[in-house]
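> This is the structure I want to talk about, given as structure tokens.
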Amino acid sequence: MAVASLVEFKTLRLESAIGFGGSVHQGLIKHPDGVHTVYSLGSTVVVNNTKKPNTQDFLQGHTNVVSCLAVSKSGRYIASGQVTHMGFQADIIIWDFRERRLISRLTLHKVKVEALAFSPSDIYLASLGAEDDNSVIVWDLQKNVAICGSPASKDSSGVTLCLAYLNHDDNVFVTGGHSTLRVWELNPAQRKVRATDCQTGQIKRIAKCITVDRNDEFMYCGTTTGDLLQVNLKTKLFKHSGPPKEKDLFSMGVLSVALSPKNDSVIVGCGDGTVAVLSLPKLGILKSTKLSGSVTSITFDTPEHFFAGTSYSNTYHISLNDLSSTLVSTCHYAPVNDICFPVDSSDVFATASDTDIRIWNAHTSRELLRIAVPNLECKCITFRKDGSSLISGWNDGKIRAFGPQSGRLQYEINDAHKRSVTALAVSDPTNQRGDFRIVSGGEDGQVRIWKITKQVQLLEDAMKEHKGTVTCIKLRKNNLECVSSSSDGSCIIWDLTRFVRNQVLFAPSFFKAVSYYPDESQLLTSGTDRKVAYWEAYDGSLIRELEASQSDTINGLDITADGKYFVIAGSDKLVKVYRYEEGDVAYVGIGHSTDIMKVKISPDHKHIISVSADGAIFSWLFYP
């Protein structure tokens with residue numbers, strides 16, 4: 001029965017994704033066609049059209065986070081490798097770029113694929129397994145089978161971290177890692193691959209990235225020490241390292257390296273956000289600039305411009321002449337705690353993350369405003385009913401209200417709760433002057449009612465019955481009652497005129513979300529017991545329960561204005577749309593690779609927005 005009901009759903013179409021997996025090394029690649037960029041976001045590979053904003057194609061097929069990417073020289077193929085659980089095999093997927101489809105799955109490496117590289121004429125793919133696997137495998141792309149494999153490094157040296165193919169020879173590639181630099185020669189006839197160690201003399205380094213020059217004479221290796229090694233590929237001897245002076249070494253290591261198209265300089269990206277141009281052959285610093293986050297990928301757009309991707313999920317477009325940078329795209333890189341739309345407006349939405357609050361244009365996926373309070377986390381946000389302020393709860397126990405266009409602080413309520421403010425709801429104006437109420441919930445289990453006037457913010461009452469963190473608060477349309485859910489396994493319906501409890505619901509679950517049915521006769525709850533429960537709002541009796549998730553917590557819950565559908569999402573990484581009356585799955589959205597924290601249906605019912613623990617924001621098309 002359960003299996004049959006799961007088969008008959010439609011898949012939600014992913015329309016746009018705000019996010020960029022900045023922690024993947026060389027995870028942002030400019031496609032040879034000059035128009036598209038390829039990058040990963042969680043378990044999805046995104047092909048982005050740089051000429052038309054918000055036109056993205058999504059390659060979905062990985063079961064876990066993508067750990068490395070490669071694009072072939074001709075642009076025909078994309079290869080992506082993933083991470084998996086200990087003891088399991090990690091897939092490499094080959095995609096057809098033109099048709100945006102999966103060609104084949106190559107499975108031999110264990111736990112994680114560390115790096116991938118295509119041969120210059122697209123005949124072979126070299127892949128490198130991570131430290132649990134420690135093997136190099138060469139694949140035949142015509143037959144999609146492995147030709148040969150070998151241990152990536154000797155037992156005496158450490159883990160191998162990076163891989164690069166030569167530009168003119170299909171049978172030679174190089175690898176680097178913890179005090180190991182090797183040149184590999186492939187013999188396809190004998191199905192063997194032979195490694196030769198490069199001699200670096202006294203120098204012991206950990207290579208994080210490798211690039212090979214245009215004529216296949218030298219390779220340049222970026223190291224954790226902060227210098228660049230130049231190694232001759234013919235003699236396999238160390239030739240030179242730069243920058244020449246020790247005081248100029250880049251802090252936090254060189255993480256990405258690229259040769260300029262004119263072959264006269266090397267561009268390096270470093271752990272502290274520095275992007276520098278080094279001269280050839282001396283490797284002296286010509287110029288440098290600083291970006292936000294570790295620079296994990298550098299890829300050339302035109303001979304004069306290149307893209308840089310950072311670990312803070314920012315993408316920059318940088319001019320080679322003067323290193324002037326423009327921010328092309330940005331997104332959250334820490335878990336997103338909450339999301340909200342203004343009342344009856346689907347054009348913008350706000351998200352709250354561990355680092356900041358951001359307001360986004362829903363149509364173009366552009367960031368409109370960023371509000372950051374240093375060293376503090378925003379736990380929950382909501383818009384005032386007229387949209388004139390964005391009200392947020394923080395982990396220092398304060399409620400702060402900001403102007404949604406200026407980002408300026410309008411007022412703050414100090415010591416609103418002990419520890420964090422974890423849930424907020426806003427009432428309609430209570431009089432002609434526009435005074436209104438905020439109902440807030442905290443980590444201390446209290447539910448507090450605040451009267452907000454133009455001049456002052458007053459505490460009207462505090463109701464303490466919950467024993468655990470208040471996770472969600474919803475107000476009724478008449479503003480006289482509200483419901484609060486808590487991690488102590490109870491939901492309480494409160495009377496907001498007498499400030500007492502009207503009703504209480506219990507379940508063996510940490511409640512994560514609660515919502516009123518549009519006519520307010522029933523309540524929906526979800527939580528860690530993996531069930532969605534329907535409750536009678538009048539007397540708190542349980543009507544029915546749905547076993548909504550097979551495996552994990554349900555964190556987010558939202559219901560459409562007509563009450564026909566509700567959407568849930570959680571730690572099983574799926575967005576599921578259910579029919580309310582029938583209680584069966586209508587649509588499922590697959591794409592997130594970490595826990596989904598919250599989900600919201602846009603007020604115009606055309607989109608579902610889901611946010612996850614890796615900072616990704618996904619927009620799904622929803623036409624019920």
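Here, A, B, ... name the chains of the structure tokens in the order displayed, residue numbers run from 1 inside each chain, and ligands are numbered from 1 in the same displayed order.
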Can you pull out every residue from range 192-425 of chain A that DSSP, working from the backbone, puts in strand (DSSP E), and format the result as a ChimeraX atom specification?
/A:192-197,207-212,218-223,228-232,237-242,254-259,265-270,274-279,285-290,295-302,305-310,315-319,325-329,336-340,348-353,357-361,367-371,378-383,390-394,399-402,409-413,421-425
> Could you list, as a compact mmCIF listing (two decimals) with C-alpha atoms, in the first residue's frame, every residue within 8 Å of Gln446 in chain A, counting only C-alpha atoms and ignoring same-chain residues fewer than 4 positions away?

```
# COMPACT_ATOMS: atom_id res chain seq x y z
CA HIS A 417 13.52 36.08 25.98
CA GLY A 441 8.39 32.38 21.53
CA GLY A 442 11.79 31.58 22.95
CA ALA A 462 4.13 36.33 29.32
CA MET A 463 2.69 32.81 29.28
CA LYS A 464 4.88 30.03 30.58
CA GLU A 465 3.60 26.51 30.13
CA HIS A 466 5.95 24.99 27.57
CA VAL A 470 8.90 27.18 21.20
```
> Extract, using only C-alpha atoms, all DNA, RNA and protein residues at most 12 Å from Asp354 in chain A, discarding same-chain residues fewer than 5 positions from it, and format them as a list in words.
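So, after excluding close chain neighbours, the residues are His332, Tyr333, Ala334, Pro335, Val336, Asn337, Asp338, Ile371, Ala372, Val373, Pro374, Asn375, Leu376, Glu377, Cys378, Lys379, Cys380, Gly393, Trp394, Asn395, Ser612, Ala613, Asp614 and Gly615 of chain A.
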> Just to confirm, what's the straight-line distance from CA of Gly22 in chain A to CA of Asp301 in chain A in Å (one decimal)?
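CA of Asp301 in chain A lies at a distance of 18.1 Å from CA of Gly22 in chain A.
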> If you count only C-alpha atoms, which residues fall within 6 Å of Ala207 in chain A, apart from same-chain ones fewer than 5 positions away, as a PDB file with N, CA, C and O atoms, in the first residue's frame?

```pdb
ATOM      1  N   GLY A 176      49.058  15.288  -7.374  1.00  0.00           N
ATOM      2  CA  GLY A 176      49.830  15.898  -6.280  1.00  0.00           C
ATOM      3  C   GLY A 176      49.083  15.767  -4.975  1.00  0.00           C
ATOM      4  O   GLY A 176      47.854  15.621  -4.957  1.00  0.00           O
ATOM      5  N   GLY A 177      49.833  15.829  -3.855  1.00  0.00           N
ATOM      6  CA  GLY A 177      49.200  15.730  -2.541  1.00  0.00           C
ATOM      7  C   GLY A 177      50.209  15.923  -1.435  1.00  0.00           C
ATOM      8  O   GLY A 177      51.160  16.698  -1.567  1.00  0.00           O
ATOM      9  N   CYS A 221      52.139  23.921  -9.089  1.00  0.00           N
ATOM     10  CA  CYS A 221      51.406  23.315  -7.978  1.00  0.00           C
ATOM     11  C   CYS A 221      51.255  24.331  -6.851  1.00  0.00           C
ATOM     12  O   CYS A 221      52.254  24.834  -6.339  1.00  0.00           O
ATOM     13  N   GLY A 222      50.032  24.590  -6.466  1.00  0.00           N
ATOM     14  CA  GLY A 222      49.764  25.452  -5.312  1.00  0.00           C
ATOM     15  C   GLY A 222      49.835  24.634  -4.042  1.00  0.00           C
ATOM     16  O   GLY A 222      49.311  23.516  -3.983  1.00  0.00           O
ATOM     17  N   THR A 223      50.467  25.168  -2.993  1.00  0.00           N
ATOM     18  CA  THR A 223      50.678  24.384  -1.766  1.00  0.00           C
ATOM     19  C   THR A 223      50.051  25.054  -0.544  1.00  0.00           C
ATOM     20  O   THR A 223      49.761  26.247  -0.561  1.00  0.00           O
TER      21      THR A 223
END
```
> For Leu28 in chain A, which residue among A:Ser294, A:Ser593, A:Thr351, A:Thr310 is the nearest when counting only C-alpha atoms?
A:Thr310
> What's around Gly527 in chain A at 6 Å? Count only C-alpha atoms, leave out sequence neighbours fewer than 5 positions away in its own chain, and write the answer as number ranges by chain.
A: 509-512, 553-554
> To one decimal place, how far is CA of Leu128 in chain A from CA of Gln142 in chain A in Å?
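Rounded to one decimal, the two atoms are 19.6 Å apart.
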> Can you work out which one of A:Ser256, A:Asn215, A:Thr37, A:Gln522 has the shortest atom-to-atom distance to Cys162 in chain A, counting only C-alpha atoms?
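Nearest to Cys162 in chain A: A:Ser256.
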> May I ask which of the residues A:Phe349, A:Phe97, A:Leu255, A:Leu390 is the closest one to Leu368 in chain A, counting only C-alpha atoms?
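Closest to Leu368 in chain A, using only C-alpha atoms: A:Phe349.
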> Write out as a list in words each polymer residue whose atoms come within 10 Å of Leu161 in chain A, counting only C-alpha atoms; drop sequence neighbours fewer than 5 positions from it.
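The residues satisfying every condition are Glu114, Ala115, Leu128, Gly129, Ala130, Glu131, Asn134, Ala152, Thr175, Gly176, Gly177, His178, Thr180, Ile206, Ala207, Lys208, Cys209 and Ile210 of chain A.
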